[in-house]
2 protein chains.
Amino acid sequence: MKVNKISIEEEIIRLLKKESHSFLSGQALSKTFGLSRTAIWKYINSIKEMGYSIAASPAKGYRLNLQNLPFTVLEISSNLKTAFIGKNISFYKEIDSTNEAAREFASKGAAEGFAVVADFQKKGKGRLGRRWESPAGVNIYTSIVLRPNIMPVFAPQLTLVAAVAVAETIARFLNNGSGYKPEPAVKWPNDILINSKKVAGILTEMNSEMDRINFVVIGVGVNVNMTKEMFSEGLEFIATSLKQEGGKEISRTAFIQLLYLNMEKWYAQYLKGGFEPVRKAWTSFFHMAGKTVKVQQTGKIMQGIAVGIDNDGALLLREKSGNIARILSGDVEM
Amino acid sequence: MKVNKISIEEEIIRLLKKESHSFLSGQALSKTFGLSRTAIWKYINSIKEMGYSIAASPAKGYRLNLQNLPFTVLEISSNLKTAFIGKNISFYKEIDSTNEAAREFASKGAAEGFAVVADFQKKGKGRLGRRWESPAGVNIYTSIVLRPNIMPVFAPQLTLVAAVAVAETIARFLNNGSGYKPEPAVKWPNDILINSKKVAGILTEMNSEMDRINFVVIGVGVNVNMTKEMFSEGLEFIATSLKQEGGKEISRTAFIQLLYLNMEKWYAQYLKGGFEPVRKAWTSFFHMAGKTVKVQQTGKIMQGIAVGIDNDGALLLREKSGNIARILSGDVEM
């Protein structure tokens with residue numbers, strides 16, 4: 001398990017943040033840390049390599065640009081308001097898949113709330129083995145280990161718990177100041193849409209015995225600042241990003257902090273109060289209710305009016321015959 | 001993945017088996033394989049080290065004792081009548097846990113039917129993290145990888161599919177010739193008993209997405225030739241072995257071959273015909289039906305009359321009130 005040890009770099013970053021209204025002299029830093037000015041200069045360079053933007057003046061010293069902080073464990077951890085989700089993070093500049101890494105950590109005993117975060121996924125995974133577009137530097141790819149004391153049969157509800165947390169987080173960041181505020185919508189079972197285009201997805205994987213969950217990994221991918229050009233050809237018609245819809249660049253650090261907090265809130269609510277409050281919140285984001293949809297399942301296509309979800313989290317579809325079908329799996333299309 | 005490559009040792013064993021009615025001369029073996037008699041002698045020694053009992057006479061040659069064949073991949077594979085279960089076996093003289101190994105193989109892509117077999121488990125696992133007594137040289141510990149195209153919610157039924165296969169296999173070997181034939185009974189959800197004592201257990205583990213099973217590992221432990229003295233103190237009162245109950249030593253090779261065949265038969269039946277035929281077969285082994293049982297669940301104890309299992313594989317319990325409770329998890333006691 002990765003331990004986030006506090007380094008001199010981190011201490012310097014903290015000081016620079018506190019003093020970011022003006023320059024902090026090399027001399028003051030030397031004195032604080034009992035290091036030579038050359039040593040301080042080396043640490044500053046190493047901090048710059050971490051992605052921090054620091055103005056340096058031989059006369060005045062160093063000044064951190066707070067407007068342009070990098071996406072790092074240090075930034076995510078500072079001011080993170082959660083009790084357990086994201087308190088331990090394994091961060092990767094690049095990785096095959098955060099879900100795969102989280103599963104490995106979980107198999108080796110990672111505690112509830114342990115999270116994997118990556119800047120870039122080489123083999124980002126969507127549902128049913130599909131690809132999840134995962135360019136570097138713009139989006140959020142994170143996988144969280146949970147160890148709920150529930151029966152495996154209830155695990156699919158956790159995807160909906162996560163969907164509510166993701167939709168709520170997205171809603172908080174979608175305000176472009178023009179008075180127009182696009183709204184996130186959930187698509188059963190695991191996507192979040194804005195204006196009918198996919199902006200986030202959830203991939204829940206479970207390791208269980210017959211009557212006990214060993215662990216669940218909840219993977220969340222959010223297209224945050226991705227531009228149209230970054231999508232593979234054709235995907236731009238069915239996928240979008242928060243920046244494209246809201247018009248503003250969004251801090252990935254601020255987003256993931258709120259995401260973890262909302263995840264923790266809804267997960268606790270679910271464990272304590274059961275699925276009903278989650279079902280209600282999910283339904284408030286379910287804009288497909290009352291609309292005619294097609295459900296593709298292996299070997300058959302069903303059509304009907306989307307009614308909502310039941311107590312198990314299954315999609316309810318009113319067929320022409322009036323019969324209500326419970327959908328446990330499949331792809332839903334408008 | 002381990003590949004079972006055919007070695008000169010295996011070829012010699014085949015010949016010795018064919019000629020086991022009499023001695024096979026070193027000279028004949030020399031000629032067949034184009035090897036010196038010293039080379040043949042070395043191979044014979046290596047075969048003896050594999051556990052084969054071979055009589056050697058300078059004048060007459062070599063003769064294999066067919067009554068005392070070792071428990072090896074070679075023996076299991078020869079005359080194995082299955083189409084896929086056990087066609088690829090990874091065999092260990094000792095291992096931590098066959099389920100753990102099978103899960104690792106499955107994660108790396110092991111095909112359906114791949115099996116792990118061990119002579120001795122250092123950390124044999126029972127249900128809910130409990131220990132499974134696993135001494136060397138006497139029992140069967142095997143774990144099979146399955147990749148059923150069913151929804152994860154149905155996976156618990158596979159434990160019952162396996163239970164039927166194990167019970168059927170045990171029934172075939174329980175005949176001590178005295179006219180008295182003890183019968184195996186299933187105990188919900190995952191044990192097989194003889195005369196109310198545990199003789200076999202099943203540990204099913206699953207790796208799944210919300211609407212897809214990646215793989216299932218079915219672990220089976222059978223106390224075959226274990227003697228009373230081999231049990232940890234006290235366990236001998238609640239556990240037994242086929243030899244203790246039937247009075248006869250049983251070939252582990254013959255047992256595992258029939259076990260794999262029955263597993264394959266019932267698994268195919270389940271995939272094709274659904275759970276109902278399995279439920280019926282399971283019920284025929286369910287001797288607790290109609291008896292009063294106690295079910296221990298986390299935080300509560302229920303009491304009632306065991307009725308049977310329903311279409312999902314849940315245990316049905318008629319409570320005092322007349323209400324039928326569906327039990328999804330817990331420990332059942334008479």
# chains A, B, ... in the order shown; residues from 1 in each chain; ligands from 1
>>> interface_residues(of="chain A", to="chain B", cutoff="6 Å", atoms="only C-alpha atoms", output="list in words")
Val153, Pro156, Thr204, Glu205, Met206, Asn207, Ser208, Glu209, Met210, Asp211 and Ser329 of chain A
>>> residues_around(residues="Ala56 of chain A", least_positions_apart="5", cutoff="12 Å", atoms="only C-alpha atoms", output="PyMOL selection string")
chain A and resi 16+22-26+40-41+44-45+48+61-65
>>> residues_around(residues="Ile324 of chain A", least_positions_apart="3", cutoff="10 Å", atoms="only C-alpha atoms", output="MDAnalysis selection string")
chainID A and resid 304:307 315:321 327
>>> calpha_fit_and_write(fixed="chain B", moving="chain A", output="compact mmCIF listing (two decimals) with C-alpha atoms, in the first residue's frame")
# COMPACT_ATOMS: atom_id res chain seq x y z
CA MET A 1 -0.96 -21.91 -18.13
CA LYS A 2 0.53 -25.32 -17.44
CA VAL A 3 0.60 -27.54 -20.48
CA ASN A 4 0.61 -31.27 -19.99
CA LYS A 5 3.41 -32.25 -22.32
CA ILE A 6 3.88 -35.94 -22.91
CA SER A 7 7.25 -37.02 -21.63
CA ILE A 8 9.25 -40.21 -22.04
CA GLU A 9 8.25 -41.02 -18.45
CA GLU A 10 4.60 -40.89 -19.46
CA GLU A 11 5.23 -43.12 -22.46
CA ILE A 12 7.03 -45.67 -20.29
CA ILE A 13 4.18 -45.57 -17.75
CA ARG A 14 1.69 -46.27 -20.54
CA LEU A 15 3.70 -49.24 -21.75
CA LEU A 16 4.13 -50.59 -18.20
CA LYS A 17 0.37 -50.32 -17.66
CA LYS A 18 -0.35 -52.22 -20.87
CA GLU A 19 2.12 -54.95 -19.90
CA SER A 20 1.36 -55.02 -16.19
CA HIS A 21 0.28 -58.69 -16.30
CA SER A 22 3.99 -59.63 -16.56
CA PHE A 23 7.45 -58.08 -16.41
CA LEU A 24 8.61 -55.83 -19.24
CA SER A 25 12.29 -56.27 -19.97
CA GLY A 26 14.75 -53.42 -19.84
CA GLN A 27 15.93 -54.56 -23.25
CA ALA A 28 12.49 -54.17 -24.80
CA LEU A 29 12.18 -50.67 -23.33
CA SER A 30 15.69 -49.81 -24.61
CA LYS A 31 14.70 -50.89 -28.08
CA THR A 32 11.32 -49.10 -28.09
CA PHE A 33 12.78 -45.75 -27.05
CA GLY A 34 16.22 -46.06 -28.66
CA LEU A 35 17.83 -45.46 -25.26
CA SER A 36 20.55 -47.26 -23.32
CA ARG A 37 19.48 -49.60 -20.51
CA THR A 38 21.10 -47.22 -18.04
CA ALA A 39 18.98 -44.37 -19.40
CA ILE A 40 15.87 -46.52 -19.04
CA TRP A 41 16.88 -47.35 -15.47
CA LYS A 42 17.13 -43.63 -14.73
CA TYR A 43 13.69 -42.97 -16.18
CA ILE A 44 12.26 -45.83 -14.09
CA ASN A 45 13.71 -44.20 -10.98
CA SER A 46 12.18 -40.87 -11.92
CA ILE A 47 8.82 -42.62 -12.41
CA LYS A 48 9.15 -44.20 -8.97
CA GLU A 49 9.74 -40.74 -7.57
CA MET A 50 6.41 -39.69 -9.08
CA GLY A 51 4.86 -42.20 -6.69
CA TYR A 52 4.49 -45.25 -8.92
CA SER A 53 5.28 -48.62 -7.37
CA ILE A 54 7.47 -50.66 -9.75
CA ALA A 55 8.97 -54.06 -9.10
CA ALA A 56 12.41 -54.38 -10.72
CA SER A 57 14.27 -57.62 -11.40
CA PRO A 58 17.64 -57.70 -13.17
CA ALA A 59 16.59 -60.87 -14.94
CA LYS A 60 12.96 -60.12 -15.79
CA GLY A 61 12.78 -56.33 -16.03
CA TYR A 62 10.07 -53.97 -14.68
CA ARG A 63 6.49 -54.46 -13.57
CA LEU A 64 4.04 -51.77 -12.47
CA ASN A 65 1.75 -52.34 -9.49
CA LEU A 66 -1.68 -51.28 -10.80
CA GLN A 67 -3.20 -51.54 -7.34
CA ASN A 68 -1.24 -48.63 -6.02
CA LEU A 69 -1.18 -45.84 -8.58
CA PRO A 70 -0.34 -42.33 -7.40
CA PHE A 71 -2.63 -39.28 -7.54
CA THR A 72 -1.19 -37.30 -10.46
CA VAL A 73 -2.34 -35.28 -13.46
CA LEU A 74 -1.29 -38.17 -15.68
CA GLU A 75 -3.55 -40.62 -13.84
CA ILE A 76 -6.46 -38.19 -13.62
CA SER A 77 -6.17 -37.36 -17.32
CA SER A 78 -6.07 -40.94 -18.55
CA ASN A 79 -9.64 -42.14 -19.05
CA LEU A 80 -11.11 -38.80 -18.04
CA LYS A 81 -14.45 -38.80 -19.87
CA THR A 82 -15.24 -35.08 -19.74
CA ALA A 83 -15.38 -32.61 -22.60
CA PHE A 84 -13.92 -29.62 -20.74
CA ILE A 85 -13.82 -29.93 -16.93
CA GLY A 86 -10.36 -31.05 -15.88
CA LYS A 87 -9.00 -31.17 -19.43
CA ASN A 88 -6.39 -28.71 -18.23
CA ILE A 89 -5.18 -29.29 -14.70
CA SER A 90 -2.62 -27.46 -12.64
CA PHE A 91 -1.50 -29.91 -9.97
CA TYR A 92 0.34 -29.03 -6.75
CA LYS A 93 1.93 -31.28 -4.11
CA GLU A 94 1.14 -28.41 -1.77
CA ILE A 95 -0.55 -25.05 -2.14
CA ASP A 96 -2.08 -22.36 0.08
CA SER A 97 -5.59 -22.74 -1.35
CA THR A 98 -6.81 -24.23 -4.64
CA ASN A 99 -9.56 -21.58 -4.87
CA GLU A 100 -7.03 -18.79 -4.58
CA ALA A 101 -4.86 -20.34 -7.31
CA ALA A 102 -7.87 -20.95 -9.56
CA ARG A 103 -8.95 -17.32 -9.15
CA GLU A 104 -5.51 -16.16 -10.22
CA PHE A 105 -5.53 -18.45 -13.26
CA ALA A 106 -9.04 -17.26 -14.12
CA SER A 107 -8.03 -13.59 -13.85
CA LYS A 108 -5.30 -14.32 -16.36
CA GLY A 109 -7.75 -15.91 -18.78
CA ALA A 110 -7.93 -19.63 -17.88
CA ALA A 111 -10.68 -21.23 -19.94
CA GLU A 112 -13.87 -22.80 -18.67
CA GLY A 113 -13.16 -26.17 -17.10
CA PHE A 114 -9.61 -25.36 -16.04
CA ALA A 115 -8.97 -27.09 -12.72
CA VAL A 116 -6.51 -26.79 -9.87
CA VAL A 117 -5.80 -29.92 -7.84
CA ALA A 118 -3.65 -30.16 -4.72
CA ASP A 119 -2.51 -33.03 -2.55
CA PHE A 120 -2.20 -30.72 0.46
CA GLN A 121 -3.56 -27.27 1.28
CA LYS A 122 -1.67 -25.11 3.74
CA LYS A 123 -4.51 -22.61 4.06
CA GLY A 124 -7.54 -24.57 2.87
CA LYS A 125 -10.54 -22.24 2.86
CA GLY A 126 -14.11 -22.95 3.90
CA ARG A 127 -17.11 -20.70 3.61
CA LEU A 128 -16.99 -17.19 5.15
CA GLY A 129 -13.23 -17.28 5.62
CA ARG A 130 -13.24 -20.41 7.78
CA ARG A 131 -10.51 -23.05 7.69
CA TRP A 132 -10.92 -26.26 5.71
CA GLU A 133 -8.92 -29.15 7.18
CA SER A 134 -6.65 -30.29 4.35
CA PRO A 135 -4.12 -33.01 5.25
CA ALA A 136 -1.83 -34.50 2.58
CA GLY A 137 -2.20 -37.77 0.74
CA VAL A 138 -5.78 -38.69 1.57
CA ASN A 139 -8.35 -36.20 0.32
CA ILE A 140 -9.50 -34.29 -2.72
CA TYR A 141 -9.03 -30.52 -3.00
CA THR A 142 -9.95 -29.16 -6.40
CA SER A 143 -11.18 -25.85 -7.80
CA ILE A 144 -12.82 -25.49 -11.18
CA VAL A 145 -13.09 -22.34 -13.31
CA LEU A 146 -16.49 -21.78 -14.92
CA ARG A 147 -17.62 -18.94 -17.18
CA PRO A 148 -21.40 -19.27 -17.29
CA ASN A 149 -23.31 -16.80 -19.43
CA ILE A 150 -25.87 -16.11 -16.69
CA MET A 151 -26.65 -13.06 -14.57
CA PRO A 152 -24.59 -12.74 -11.37
CA VAL A 153 -27.81 -12.92 -9.34
CA PHE A 154 -28.18 -16.59 -10.33
CA ALA A 155 -24.64 -17.59 -9.34
CA PRO A 156 -25.62 -19.00 -5.91
CA GLN A 157 -27.47 -21.74 -7.80
CA LEU A 158 -24.10 -23.03 -9.00
CA THR A 159 -23.24 -24.07 -5.43
CA LEU A 160 -26.31 -26.28 -5.52
CA VAL A 161 -25.42 -27.59 -8.99
CA ALA A 162 -22.05 -28.59 -7.55
CA ALA A 163 -23.64 -30.07 -4.42
CA VAL A 164 -25.75 -32.41 -6.54
CA ALA A 165 -22.69 -33.50 -8.53
CA VAL A 166 -20.67 -34.11 -5.37
CA ALA A 167 -23.50 -36.00 -3.61
CA GLU A 168 -24.09 -38.18 -6.65
CA THR A 169 -20.40 -39.00 -6.90
CA ILE A 170 -20.20 -39.84 -3.22
CA ALA A 171 -23.27 -42.08 -3.47
CA ARG A 172 -21.55 -44.11 -6.18
CA PHE A 173 -18.55 -44.81 -3.94
CA LEU A 174 -20.43 -45.63 -0.73
CA ASN A 175 -20.87 -49.36 -0.83
CA ASN A 176 -18.96 -51.34 1.70
CA GLY A 177 -20.21 -54.65 0.37
CA SER A 178 -21.92 -55.57 3.63
CA GLY A 179 -25.31 -54.64 2.30
CA TYR A 180 -25.26 -51.48 4.44
CA LYS A 181 -24.97 -48.42 2.26
CA PRO A 182 -24.71 -45.06 3.99
CA GLU A 183 -26.25 -42.22 2.01
CA PRO A 184 -24.96 -38.71 1.36
CA ALA A 185 -27.20 -35.80 2.31
CA VAL A 186 -26.96 -32.16 1.30
CA LYS A 187 -26.91 -29.47 3.94
CA TRP A 188 -27.92 -26.03 2.72
CA PRO A 189 -26.09 -24.23 1.26
CA ASN A 190 -22.80 -25.95 0.62
CA ASP A 191 -22.04 -29.10 2.59
CA ILE A 192 -22.46 -32.82 2.04
CA LEU A 193 -23.02 -35.00 5.09
CA ILE A 194 -23.00 -38.71 5.82
CA ASN A 195 -24.73 -39.80 9.00
CA SER A 196 -25.01 -36.10 9.92
CA LYS A 197 -21.24 -35.57 9.71
CA LYS A 198 -19.57 -33.32 7.15
CA VAL A 199 -17.78 -35.25 4.41
CA ALA A 200 -17.49 -32.59 1.68
CA GLY A 201 -17.81 -28.85 1.24
CA ILE A 202 -18.16 -26.46 -1.63
CA LEU A 203 -16.79 -22.92 -1.80
CA THR A 204 -18.08 -20.88 -4.72
CA GLU A 205 -16.44 -17.55 -5.46
CA MET A 206 -17.44 -15.15 -8.16
CA ASN A 207 -15.88 -12.26 -10.00
CA SER A 208 -18.50 -10.18 -11.77
CA GLU A 209 -19.63 -6.90 -13.18
CA MET A 210 -23.16 -5.80 -12.37
CA ASP A 211 -24.75 -7.68 -15.23
CA ARG A 212 -22.06 -10.12 -16.31
CA ILE A 213 -20.08 -12.87 -14.60
CA ASN A 214 -16.40 -12.71 -15.42
CA PHE A 215 -15.75 -16.11 -13.84
CA VAL A 216 -16.85 -18.40 -11.06
CA VAL A 217 -14.51 -20.69 -9.15
CA ILE A 218 -16.09 -23.78 -7.62
CA GLY A 219 -13.90 -25.30 -4.94
CA VAL A 220 -14.65 -28.81 -3.74
CA GLY A 221 -13.06 -30.49 -0.72
CA VAL A 222 -13.89 -34.13 -0.10
CA ASN A 223 -12.68 -36.15 2.87
CA VAL A 224 -11.91 -39.37 1.02
CA ASN A 225 -9.50 -41.60 2.95
CA MET A 226 -8.91 -39.37 5.96
CA THR A 227 -8.78 -41.29 9.24
CA LYS A 228 -10.27 -40.17 12.55
CA GLU A 229 -6.83 -39.39 13.94
CA MET A 230 -6.12 -36.92 11.15
CA PHE A 231 -8.83 -34.49 12.29
CA SER A 232 -8.05 -31.62 14.63
CA GLU A 233 -9.29 -32.46 18.10
CA GLY A 234 -13.06 -32.28 18.34
CA LEU A 235 -13.65 -32.10 14.59
CA GLU A 236 -13.95 -35.92 14.41
CA PHE A 237 -17.37 -35.59 16.05
CA ILE A 238 -18.77 -33.38 13.33
CA ALA A 239 -16.74 -34.48 10.30
CA THR A 240 -16.01 -37.80 8.69
CA SER A 241 -14.60 -39.35 5.50
CA LEU A 242 -15.82 -41.75 2.84
CA LYS A 243 -13.43 -44.39 4.15
CA GLN A 244 -14.69 -44.02 7.71
CA GLU A 245 -18.30 -44.34 6.61
CA GLY A 246 -17.95 -46.85 3.82
CA GLY A 247 -15.14 -48.86 5.38
CA LYS A 248 -13.10 -49.01 2.19
CA GLU A 249 -10.10 -47.12 0.82
CA ILE A 250 -11.20 -45.21 -2.28
CA SER A 251 -9.07 -44.24 -5.30
CA ARG A 252 -8.84 -40.45 -5.38
CA THR A 253 -8.20 -40.65 -9.12
CA ALA A 254 -11.38 -42.60 -9.78
CA PHE A 255 -13.32 -40.26 -7.49
CA ILE A 256 -12.15 -37.03 -9.10
CA GLN A 257 -12.74 -38.41 -12.60
CA LEU A 258 -16.36 -39.19 -11.77
CA LEU A 259 -16.70 -35.90 -9.89
CA TYR A 260 -15.59 -33.91 -12.95
CA LEU A 261 -17.93 -35.93 -15.16
CA ASN A 262 -20.92 -35.37 -12.85
CA MET A 263 -20.06 -31.67 -12.50
CA GLU A 264 -19.98 -31.30 -16.26
CA LYS A 265 -23.25 -33.22 -16.65
CA TRP A 266 -25.15 -31.12 -14.08
CA TYR A 267 -23.61 -27.84 -15.20
CA ALA A 268 -24.67 -28.55 -18.82
CA GLN A 269 -28.12 -29.59 -17.59
CA TYR A 270 -28.41 -26.34 -15.61
CA LEU A 271 -27.34 -24.11 -18.50
CA LYS A 272 -29.73 -25.91 -20.85
CA GLY A 273 -32.67 -26.74 -18.65
CA GLY A 274 -32.49 -24.14 -15.92
CA PHE A 275 -32.53 -24.64 -12.19
CA GLU A 276 -35.65 -26.81 -11.83
CA PRO A 277 -34.03 -30.21 -12.59
CA VAL A 278 -31.17 -29.26 -10.25
CA ARG A 279 -33.63 -28.24 -7.54
CA LYS A 280 -35.36 -31.62 -7.83
CA ALA A 281 -32.13 -33.59 -7.64
CA TRP A 282 -30.89 -31.46 -4.75
CA THR A 283 -34.15 -32.00 -2.89
CA SER A 284 -33.77 -35.79 -3.23
CA PHE A 285 -30.58 -35.45 -1.20
CA PHE A 286 -32.12 -32.99 1.28
CA HIS A 287 -32.83 -35.18 4.30
CA MET A 288 -33.48 -32.20 6.55
CA ALA A 289 -36.80 -31.48 4.83
CA GLY A 290 -39.63 -31.52 7.34
CA LYS A 291 -37.26 -31.28 10.29
CA THR A 292 -36.96 -28.42 12.73
CA VAL A 293 -33.81 -26.39 12.19
CA LYS A 294 -32.16 -23.31 13.58
CA VAL A 295 -30.60 -20.76 11.25
CA GLN A 296 -27.89 -18.52 12.63
CA GLN A 297 -27.54 -15.24 10.82
CA THR A 298 -25.51 -12.21 11.77
CA GLY A 299 -27.31 -10.81 14.77
CA LYS A 300 -30.30 -13.15 14.76
CA ILE A 301 -31.37 -16.76 15.09
CA MET A 302 -34.40 -18.12 13.28
CA GLN A 303 -36.17 -21.37 13.96
CA GLY A 304 -38.60 -23.31 11.83
CA ILE A 305 -39.24 -26.35 9.74
CA ALA A 306 -37.01 -26.75 6.70
CA VAL A 307 -39.26 -26.95 3.67
CA GLY A 308 -36.81 -27.09 0.79
CA ILE A 309 -35.31 -24.61 -1.63
CA ASP A 310 -37.05 -22.24 -4.00
CA ASN A 311 -36.37 -21.37 -7.61
CA ASP A 312 -33.54 -19.07 -6.65
CA GLY A 313 -31.85 -21.66 -4.44
CA ALA A 314 -32.86 -19.90 -1.22
CA LEU A 315 -33.71 -22.08 1.78
CA LEU A 316 -37.40 -22.04 2.72
CA LEU A 317 -38.21 -22.13 6.42
CA ARG A 318 -41.73 -22.45 7.81
CA GLU A 319 -41.82 -20.38 10.97
CA LYS A 320 -44.15 -20.96 13.94
CA SER A 321 -46.44 -18.24 12.62
CA GLY A 322 -46.92 -20.28 9.45
CA ASN A 323 -44.98 -17.67 7.53
CA ILE A 324 -42.46 -19.05 5.01
CA ALA A 325 -39.10 -17.30 5.35
CA ARG A 326 -36.60 -17.24 2.48
CA ILE A 327 -33.07 -17.70 3.82
CA LEU A 328 -30.31 -16.33 1.61
CA SER A 329 -27.46 -16.72 4.04
CA GLY A 330 -26.63 -18.28 7.38
CA ASP A 331 -25.64 -21.47 9.16
CA VAL A 332 -28.22 -24.19 9.49
CA GLU A 333 -28.33 -26.52 12.48
CA MET A 334 -30.64 -29.41 13.28
>>> select_by_dssp(residues="segment 267-298 of chain A", states="helix (DSSP H, G or I)", output="list in words")
Tyr267, Ala268, Gln269, Tyr270, Leu271, Lys272, Gly273, Glu276, Pro277, Val278, Arg279, Lys280, Ala281, Trp282, Thr283 and Ser284 of chain A
>>> write_last_selection(atoms="C-alpha atoms", output="short mmCIF file (atom, residue, chain, number, x, y, z; two decimals), in the first residue's frame")
data_model
loop_
_atom_site.label_atom_id
_atom_site.label_comp_id
_atom_site.auth_asym_id
_atom_site.auth_seq_id
_atom_site.Cartn_x
_atom_site.Cartn_y
_atom_site.Cartn_z
CA TYR A 267 -23.03 5.11 0.48
CA ALA A 268 -23.57 5.79 4.21
CA GLN A 269 -27.19 6.71 3.51
CA TYR A 270 -27.66 3.45 1.59
CA LEU A 271 -26.10 1.26 4.28
CA LYS A 272 -28.18 2.98 6.96
CA GLY A 273 -31.44 3.71 5.23
CA GLU A 276 -35.39 3.65 -1.08
CA PRO A 277 -33.80 7.10 -0.56
CA VAL A 278 -31.29 6.25 -3.29
CA ARG A 279 -34.08 5.14 -5.61
CA LYS A 280 -35.88 8.45 -5.06
CA ALA A 281 -32.77 10.54 -5.72
CA TRP A 282 -31.90 8.44 -8.77
CA THR A 283 -35.42 8.86 -10.13
CA SER A 284 -35.13 12.66 -9.84
#
>>> select_by_dssp(residues="segment 95-307 of chain A", states="strand (DSSP E)", output="NGL selection string")
:A and (115-118 or 140-146 or 184-187 or 191-194 or 197-209 or 212-222 or 292-297 or 300-307)
>>> decode(residues="segment 6-18 of chain A", atoms="N, CA and C atoms", output="CSV table (one decimal), in the first residue's frame")
chain,number,residue,atom,x,y,z
A,6,ILE,N,4.8,12.8,4.2
A,6,ILE,CA,5.0,14.2,4.0
A,6,ILE,C,6.5,14.5,3.8
A,7,SER,N,6.7,15.1,2.7
A,7,SER,CA,8.1,15.4,2.3
A,7,SER,C,8.4,16.9,2.5
A,8,ILE,N,9.7,17.2,2.3
A,8,ILE,CA,10.0,18.7,2.4
A,8,ILE,C,9.3,19.4,1.3
A,9,GLU,N,9.2,18.8,0.1
A,9,GLU,CA,8.5,19.4,-1.0
A,9,GLU,C,7.1,19.8,-0.6
A,10,GLU,N,6.4,18.9,0.1
A,10,GLU,CA,5.0,19.2,0.5
A,10,GLU,C,5.0,20.3,1.5
A,11,GLU,N,6.0,20.4,2.4
A,11,GLU,CA,6.0,21.4,3.4
A,11,GLU,C,6.2,22.8,2.7
A,12,ILE,N,7.1,22.8,1.7
A,12,ILE,CA,7.4,24.0,1.0
A,12,ILE,C,6.1,24.5,0.3
A,13,ILE,N,5.4,23.5,-0.3
A,13,ILE,CA,4.2,23.8,-1.1
A,13,ILE,C,3.2,24.5,-0.1
A,14,ARG,N,3.1,23.9,1.1
A,14,ARG,CA,2.1,24.4,2.0
A,14,ARG,C,2.4,25.9,2.4
A,15,LEU,N,3.7,26.1,2.6
A,15,LEU,CA,4.2,27.5,2.9
A,15,LEU,C,3.9,28.4,1.8
A,16,LEU,N,4.2,28.0,0.6
A,16,LEU,CA,4.0,28.8,-0.6
A,16,LEU,C,2.5,29.2,-0.8
A,17,LYS,N,1.7,28.2,-0.5
A,17,LYS,CA,0.2,28.4,-0.6
A,17,LYS,C,-0.2,29.5,0.4
A,18,LYS,N,0.3,29.4,1.6
A,18,LYS,CA,-0.1,30.3,2.7
A,18,LYS,C,0.4,31.7,2.3
